[in-house]
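Colleague: Below you will find the structure I want to go over with you.
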Amino acid sequence: MPQTLDAAAVRTWCSLSLDALGRDREEIDAINVYPVADGDTGTNLYLTVESAVQAVEAVFDAHATGTSVPDLPDAVRAMAHGALIGARGNSGTILAQLLRGMAEVLGEDAAGAGAGTGAGAEDGGDHLARALRRAAQLAREAVAHPVEGTILTVAAAAADAAARTASDGAGGDGAAYGSGAAVHAAYAGARVALDATPGQLAVLGRAGVVDAGGRGLLAVLAALVEAVTGDAPARVAPGARPHALPAVVESCDTDDSAPGPAFEVIYLLETDEAGIGRLRRRLDALGDSLVVVGGDGLWNVHVHVDDAGAAVEAGVEAGRPYRIRITHFGAAAGHQRERAQRAVVAVVPGEGLAGLCAEAGATTVLARPGEPPASGELVEAIRRAHAHEVVLLPNDAELRHTAAAAAEQARAEGIRVALIPTRAAVQGIAALAVHEPDRRFDEDVVAMTSAAGATRYAELAVAERQSWTMAGICQAGDLLGLIDGDVAVIGTELAATAESVLDRMLSAGGELVTLVLGEDVPDTLAERLERHVRSGHMAVDTVVYRGGRQSVPLLIGVE
């Protein structure tokens, strides 16, 4: 086959990469010991490439009805963008930046050549060598504290090998040096570098494995060789090290035997270069394994921290974070993470509550205003919780069918799931507060269900148009106080309307008031409402949380 890299070859490359990672996913997961032994590197790389495949297929589908085909810049940019928005985990995030670096060179060079279809055999080798060099450079720059013996080392070795082959070809018969020679050289260099990773990183040497992220990258490079040349390199077992290993010559820059941060936080962020610079400094002080990839206003942020809420708040201060995923590792770094006995998955309406619930040990799914999570997102979160038993808190009456479908799917996969029909975030907070994983599963579910059911809920929303309600006629812009889902109060001022709602709710009794403030609501409102509760109900306590960006300015719970 012609040794060129065009849009069709990129499509094939993505498909072959996904197939390879699908075959090797579990084995790569099994050798994942750095930076956290959470056994998910293969899965994260697979999901990252799956997102890239979907983006490339969408480009081809857009051309399916016409006579034209996508050009190389379209294909590589779609691949990079898909990987960026779907990146998972430390290695997946770095892989997304590697693909972005390749897309920068391949897309610009093809556009500059005017052909737009690909690189021929005469110049394709240099084309790919420069793309691999840019990929390795961008990936290293994205990592706050690069460590050798990782996917970064393997990527650099691949670029170096391709560059050497380019140099040799330029010195002799330049026409004989093409894309095929470049990808073969890159793969061979990456394989040698992967074999050497246990001698560069102490934790790998002690475990007797190669780097999991580097092994995943080798699978992607093998797919590139096959896409360009038609020749599939011999499959390498993830833990195989065909050459004798040198003694471990250096340890990594941290004590990998000490427990690491408790949470992995990932989100997409819309911000400018100045905002991302401030974010890097803030997150670097909060935790480790910081990787920030992307550009042109859209970034993917990955960090390991003990304070998940602070990591999310840093994103809010820098720009607009969304698709926030917070995962509790559940086991100390340096030990393969075993499946937990029980976990909680909670849907939350804002970044602030995502951090709060994550710190309580829950795996969270962020429900963005107007974009409720699909059942697939809930299933993914249940899998991510990595437990035999899962308690699912939808925290929204509108999600009851979606949550039920997700629970059914997870049960079909062998996970015991209990769906507690929480109708509001404050009910979920109450349920999480009494969660005790050491209790019998049924007893824990009953206690959490009772706590949620004993919590009345309310929210203050802004009317979008004139309408009839149970409290009378409202006008567009009026404040609506909804109690247990029904409009009970219509007002024009936030504090006064909230006080009326509280009075109605507390008339039936209560011991604890929970207030969840939206992003733009001042702290003075909480202070006023606390005084109001104390003035009429001395025995009632009040707790206040910051919810971040949520669909309504105020959520209220009364237990």
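Chain labels follow the order of the structure tokens: the first chain is A, the next B, and so on; residue numbering restarts at 1 in every chain, and ligands are counted from 1 in their shown order.
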Produce a table with one row for each residue of region 5-119 of chain A that has an atom at most 12 Å from any atom of region 218-227 of chain A, each row naming the nearest atom pair and its distance in Å at one decimal; use only C-alpha atoms; arrange rows by chain and rising residue number; format as a Markdown table.
Modeller:
| residue | atom | partner | partner_atom | distance |
| --- | --- | --- | --- | --- |
| A:Leu5 | CA | A:Ala227 | CA | 8.2 |
| A:Asp6 | CA | A:Ala227 | CA | 10.1 |
| A:Ala7 | CA | A:Ala227 | CA | 11.0 |
| A:Ala8 | CA | A:Ala227 | CA | 9.0 |
| A:Ala9 | CA | A:Ala227 | CA | 5.6 |
| A:Val10 | CA | A:Ala227 | CA | 7.5 |
| A:Arg11 | CA | A:Ala227 | CA | 8.7 |
| A:Thr12 | CA | A:Ala227 | CA | 5.7 |
| A:Trp13 | CA | A:Ala227 | CA | 5.1 |
| A:Cys14 | CA | A:Ala223 | CA | 7.8 |
| A:Ser15 | CA | A:Ala223 | CA | 8.4 |
| A:Leu16 | CA | A:Ala223 | CA | 5.3 |
| A:Ser17 | CA | A:Val220 | CA | 5.0 |
| A:Leu18 | CA | A:Val220 | CA | 8.2 |
| A:Asp19 | CA | A:Ala223 | CA | 8.9 |
| A:Ala20 | CA | A:Ala219 | CA | 6.2 |
| A:Leu21 | CA | A:Ala219 | CA | 6.8 |
| A:Gly22 | CA | A:Ala219 | CA | 10.3 |
| A:Arg23 | CA | A:Ala219 | CA | 10.0 |
| A:Asp24 | CA | A:Ala219 | CA | 8.5 |
| A:Arg25 | CA | A:Ala219 | CA | 10.4 |
| A:Ile28 | CA | A:Ala219 | CA | 10.4 |
| A:Gly42 | CA | A:Ala219 | CA | 10.6 |
| A:Leu45 | CA | A:Val220 | CA | 9.7 |
| A:Tyr46 | CA | A:Val220 | CA | 10.2 |
| A:Thr48 | CA | A:Val220 | CA | 11.7 |
| A:Val49 | CA | A:Val220 | CA | 9.2 |
| A:Gly92 | CA | A:Val220 | CA | 11.8 |
| A:Leu95 | CA | A:Val220 | CA | 9.5 |
| A:Ala96 | CA | A:Val220 | CA | 11.9 |
| A:Leu98 | CA | A:Val220 | CA | 11.1 |
| A:Leu99 | CA | A:Val220 | CA | 10.5 |
Colleague: At a cut-off of 7 Å, using only C-alpha atoms, what residues contact region 356-371 of chain A? Leave out same-chain residues fewer than 5 positions from it and give the result as a ChimeraX atom specification.
Modeller: /A:308-309,323-328,343-350,381,385,550-551
Colleague: Find the spatial neighbours of Pro70 (chain A), counting only C-alpha atoms, within a cut-off of 10 Å - ignore same-chain residues fewer than 6 positions away - and output them as a PyMOL selection string.
Modeller: chain A and resi 6-8+56+59-64+116-117
Colleague: Based on the selection just made, write all heavy atoms of those residues as a PDB file, in the first residue's frame.
Modeller:
ATOM      1  N   ASP A   6      -2.691  10.273   5.074  1.00  0.00           N
ATOM      2  CA  ASP A   6      -3.758  11.157   4.655  1.00  0.00           C
ATOM      3  C   ASP A   6      -4.934  10.988   5.604  1.00  0.00           C
ATOM      4  O   ASP A   6      -4.833  10.307   6.628  1.00  0.00           O
ATOM      5  CB  ASP A   6      -4.152  10.891   3.204  1.00  0.00           C
ATOM      6  CG  ASP A   6      -4.556   9.431   2.972  1.00  0.00           C
ATOM      7  OD1 ASP A   6      -4.769   8.706   3.969  1.00  0.00           O
ATOM      8  OD2 ASP A   6      -4.665   9.030   1.805  1.00  0.00           O
ATOM      9  N   ALA A   7      -6.060  11.608   5.268  1.00  0.00           N
ATOM     10  CA  ALA A   7      -7.214  11.551   6.168  1.00  0.00           C
ATOM     11  C   ALA A   7      -7.688  10.118   6.372  1.00  0.00           C
ATOM     12  O   ALA A   7      -8.048   9.716   7.493  1.00  0.00           O
ATOM     13  CB  ALA A   7      -8.350  12.410   5.608  1.00  0.00           C
ATOM     14  N   ALA A   8      -7.679   9.322   5.310  1.00  0.00           N
ATOM     15  CA  ALA A   8      -8.116   7.931   5.443  1.00  0.00           C
ATOM     16  C   ALA A   8      -7.183   7.148   6.356  1.00  0.00           C
ATOM     17  O   ALA A   8      -7.628   6.299   7.149  1.00  0.00           O
ATOM     18  CB  ALA A   8      -8.183   7.271   4.065  1.00  0.00           C
ATOM     19  N   VAL A  56     -13.406  11.768  14.700  1.00  0.00           N
ATOM     20  CA  VAL A  56     -12.967  11.556  13.319  1.00  0.00           C
ATOM     21  C   VAL A  56     -14.117  10.989  12.487  1.00  0.00           C
ATOM     22  O   VAL A  56     -14.341  11.422  11.335  1.00  0.00           O
ATOM     23  CB  VAL A  56     -11.742  10.626  13.285  1.00  0.00           C
ATOM     24  CG1 VAL A  56     -11.409  10.232  11.844  1.00  0.00           C
ATOM     25  CG2 VAL A  56     -10.538  11.309  13.925  1.00  0.00           C
ATOM     26  N   VAL A  59     -16.457  13.640  11.313  1.00  0.00           N
ATOM     27  CA  VAL A  59     -15.965  14.401  10.163  1.00  0.00           C
ATOM     28  C   VAL A  59     -16.246  13.644   8.868  1.00  0.00           C
ATOM     29  O   VAL A  59     -16.698  14.223   7.876  1.00  0.00           O
ATOM     30  CB  VAL A  59     -14.453  14.683  10.317  1.00  0.00           C
ATOM     31  CG1 VAL A  59     -13.860  15.210   9.009  1.00  0.00           C
ATOM     32  CG2 VAL A  59     -14.215  15.678  11.430  1.00  0.00           C
ATOM     33  N   PHE A  60     -15.987  12.340   8.871  1.00  0.00           N
ATOM     34  CA  PHE A  60     -16.261  11.556   7.673  1.00  0.00           C
ATOM     35  C   PHE A  60     -17.760  11.471   7.388  1.00  0.00           C
ATOM     36  O   PHE A  60     -18.184  11.510   6.222  1.00  0.00           O
ATOM     37  CB  PHE A  60     -15.652  10.157   7.813  1.00  0.00           C
ATOM     38  CG  PHE A  60     -14.206  10.083   7.405  1.00  0.00           C
ATOM     39  CD1 PHE A  60     -13.206  10.429   8.294  1.00  0.00           C
ATOM     40  CD2 PHE A  60     -13.853   9.707   6.126  1.00  0.00           C
ATOM     41  CE1 PHE A  60     -11.869  10.387   7.926  1.00  0.00           C
ATOM     42  CE2 PHE A  60     -12.521   9.648   5.743  1.00  0.00           C
ATOM     43  CZ  PHE A  60     -11.522   9.990   6.635  1.00  0.00           C
ATOM     44  N   ASP A  61     -18.569  11.360   8.441  1.00  0.00           N
ATOM     45  CA  ASP A  61     -20.022  11.319   8.244  1.00  0.00           C
ATOM     46  C   ASP A  61     -20.537  12.607   7.615  1.00  0.00           C
ATOM     47  O   ASP A  61     -21.474  12.590   6.798  1.00  0.00           O
ATOM     48  CB  ASP A  61     -20.730  11.089   9.582  1.00  0.00           C
ATOM     49  CG  ASP A  61     -20.538   9.677  10.119  1.00  0.00           C
ATOM     50  OD1 ASP A  61     -20.105   8.810   9.336  1.00  0.00           O
ATOM     51  OD2 ASP A  61     -20.800   9.458  11.317  1.00  0.00           O
ATOM     52  N   ALA A  62     -19.917  13.735   7.973  1.00  0.00           N
ATOM     53  CA  ALA A  62     -20.343  15.021   7.429  1.00  0.00           C
ATOM     54  C   ALA A  62     -20.091  15.119   5.930  1.00  0.00           C
ATOM     55  O   ALA A  62     -20.747  15.895   5.227  1.00  0.00           O
ATOM     56  CB  ALA A  62     -19.619  16.159   8.150  1.00  0.00           C
ATOM     57  N   HIS A  63     -19.123  14.329   5.443  1.00  0.00           N
ATOM     58  CA  HIS A  63     -18.819  14.331   4.007  1.00  0.00           C
ATOM     59  C   HIS A  63     -19.498  13.183   3.265  1.00  0.00           C
ATOM     60  O   HIS A  63     -19.351  13.062   2.043  1.00  0.00           O
ATOM     61  CB  HIS A  63     -17.305  14.229   3.786  1.00  0.00           C
ATOM     62  CG  HIS A  63     -16.550  15.478   4.117  1.00  0.00           C
ATOM     63  ND1 HIS A  63     -16.291  15.863   5.416  1.00  0.00           N
ATOM     64  CD2 HIS A  63     -16.012  16.439   3.318  1.00  0.00           C
ATOM     65  CE1 HIS A  63     -15.609  16.998   5.398  1.00  0.00           C
ATOM     66  NE2 HIS A  63     -15.427  17.371   4.159  1.00  0.00           N
ATOM     67  N   ALA A  64     -20.235  12.352   3.991  1.00  0.00           N
ATOM     68  CA  ALA A  64     -20.767  11.126   3.388  1.00  0.00           C
ATOM     69  C   ALA A  64     -21.789  11.395   2.292  1.00  0.00           C
ATOM     70  O   ALA A  64     -21.901  10.628   1.331  1.00  0.00           O
ATOM     71  CB  ALA A  64     -21.387  10.235   4.472  1.00  0.00           C
ATOM     72  N   GLY A 116      -3.554  19.138   0.790  1.00  0.00           N
ATOM     73  CA  GLY A 116      -4.553  18.863   1.815  1.00  0.00           C
ATOM     74  C   GLY A 116      -4.888  17.412   1.994  1.00  0.00           C
ATOM     75  O   GLY A 116      -5.728  17.074   2.798  1.00  0.00           O
ATOM     76  N   THR A 117      -4.256  16.534   1.229  1.00  0.00           N
ATOM     77  CA  THR A 117      -4.633  15.123   1.333  1.00  0.00           C
ATOM     78  C   THR A 117      -3.637  14.295   2.085  1.00  0.00           C
ATOM     79  O   THR A 117      -3.978  13.298   2.689  1.00  0.00           O
ATOM     80  CB  THR A 117      -4.825  14.521  -0.064  1.00  0.00           C
ATOM     81  OG1 THR A 117      -3.627  14.730  -0.812  1.00  0.00           O
ATOM     82  CG2 THR A 117      -5.996  15.162  -0.775  1.00  0.00           C
TER      83      THR A 117
END
Colleague: Quick one: distance from CA of Leu480 (chain A) to CA of Ala496 (chain A) in Å, one decimal?
Modeller: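 Going from CA of Leu480 (chain A) over to CA of Ala496 (chain A) covers 11.4 Å.
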Colleague: Using only C-alpha atoms, pick whichever of A:Arg215, A:His435, A:His532, A:Arg134 has the shortest atom-to-atom distance to Ala447 (chain A).
Modeller: A:His435
Colleague: Among the residues of region 426-542 of chain A, find those DSSP assigns to alpha helix (DSSP H) from the backbone and print them as number ranges by chain.
Modeller: A: 426-433, 441-453, 494-506, 523-536
Colleague: Just the number, please: distance in Å from CA of Leu298 (chain A) to CA of Arg140 (chain A), one decimal.
Modeller: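 One can read the CA of Leu298 (chain A) to CA of Arg140 (chain A) distance as 18.5 Å.
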Colleague: At a cut-off of 9 Å, using only C-alpha atoms, what residues contact Thr497 (chain A)? Leave out same-chain residues fewer than 4 positions from it and give the result as a ChimeraX atom specification.
Modeller: /A:460,479-481,489-493,501-502
Colleague: Given the choices A:Glu559, A:Gly213, A:Gln341, A:Ala129, which gets closest to Asp438 (chain A) if the distance is worked out from only C-alpha atoms?
Modeller: A:Gln341
Colleague: Report the distance between CA of Leu506 (chain A) and CA of Ala488 (chain A) in Å, rounded to one decimal place.
Modeller: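 Separating CA of Leu506 (chain A) from CA of Ala488 (chain A) is a distance of 13.6 Å.
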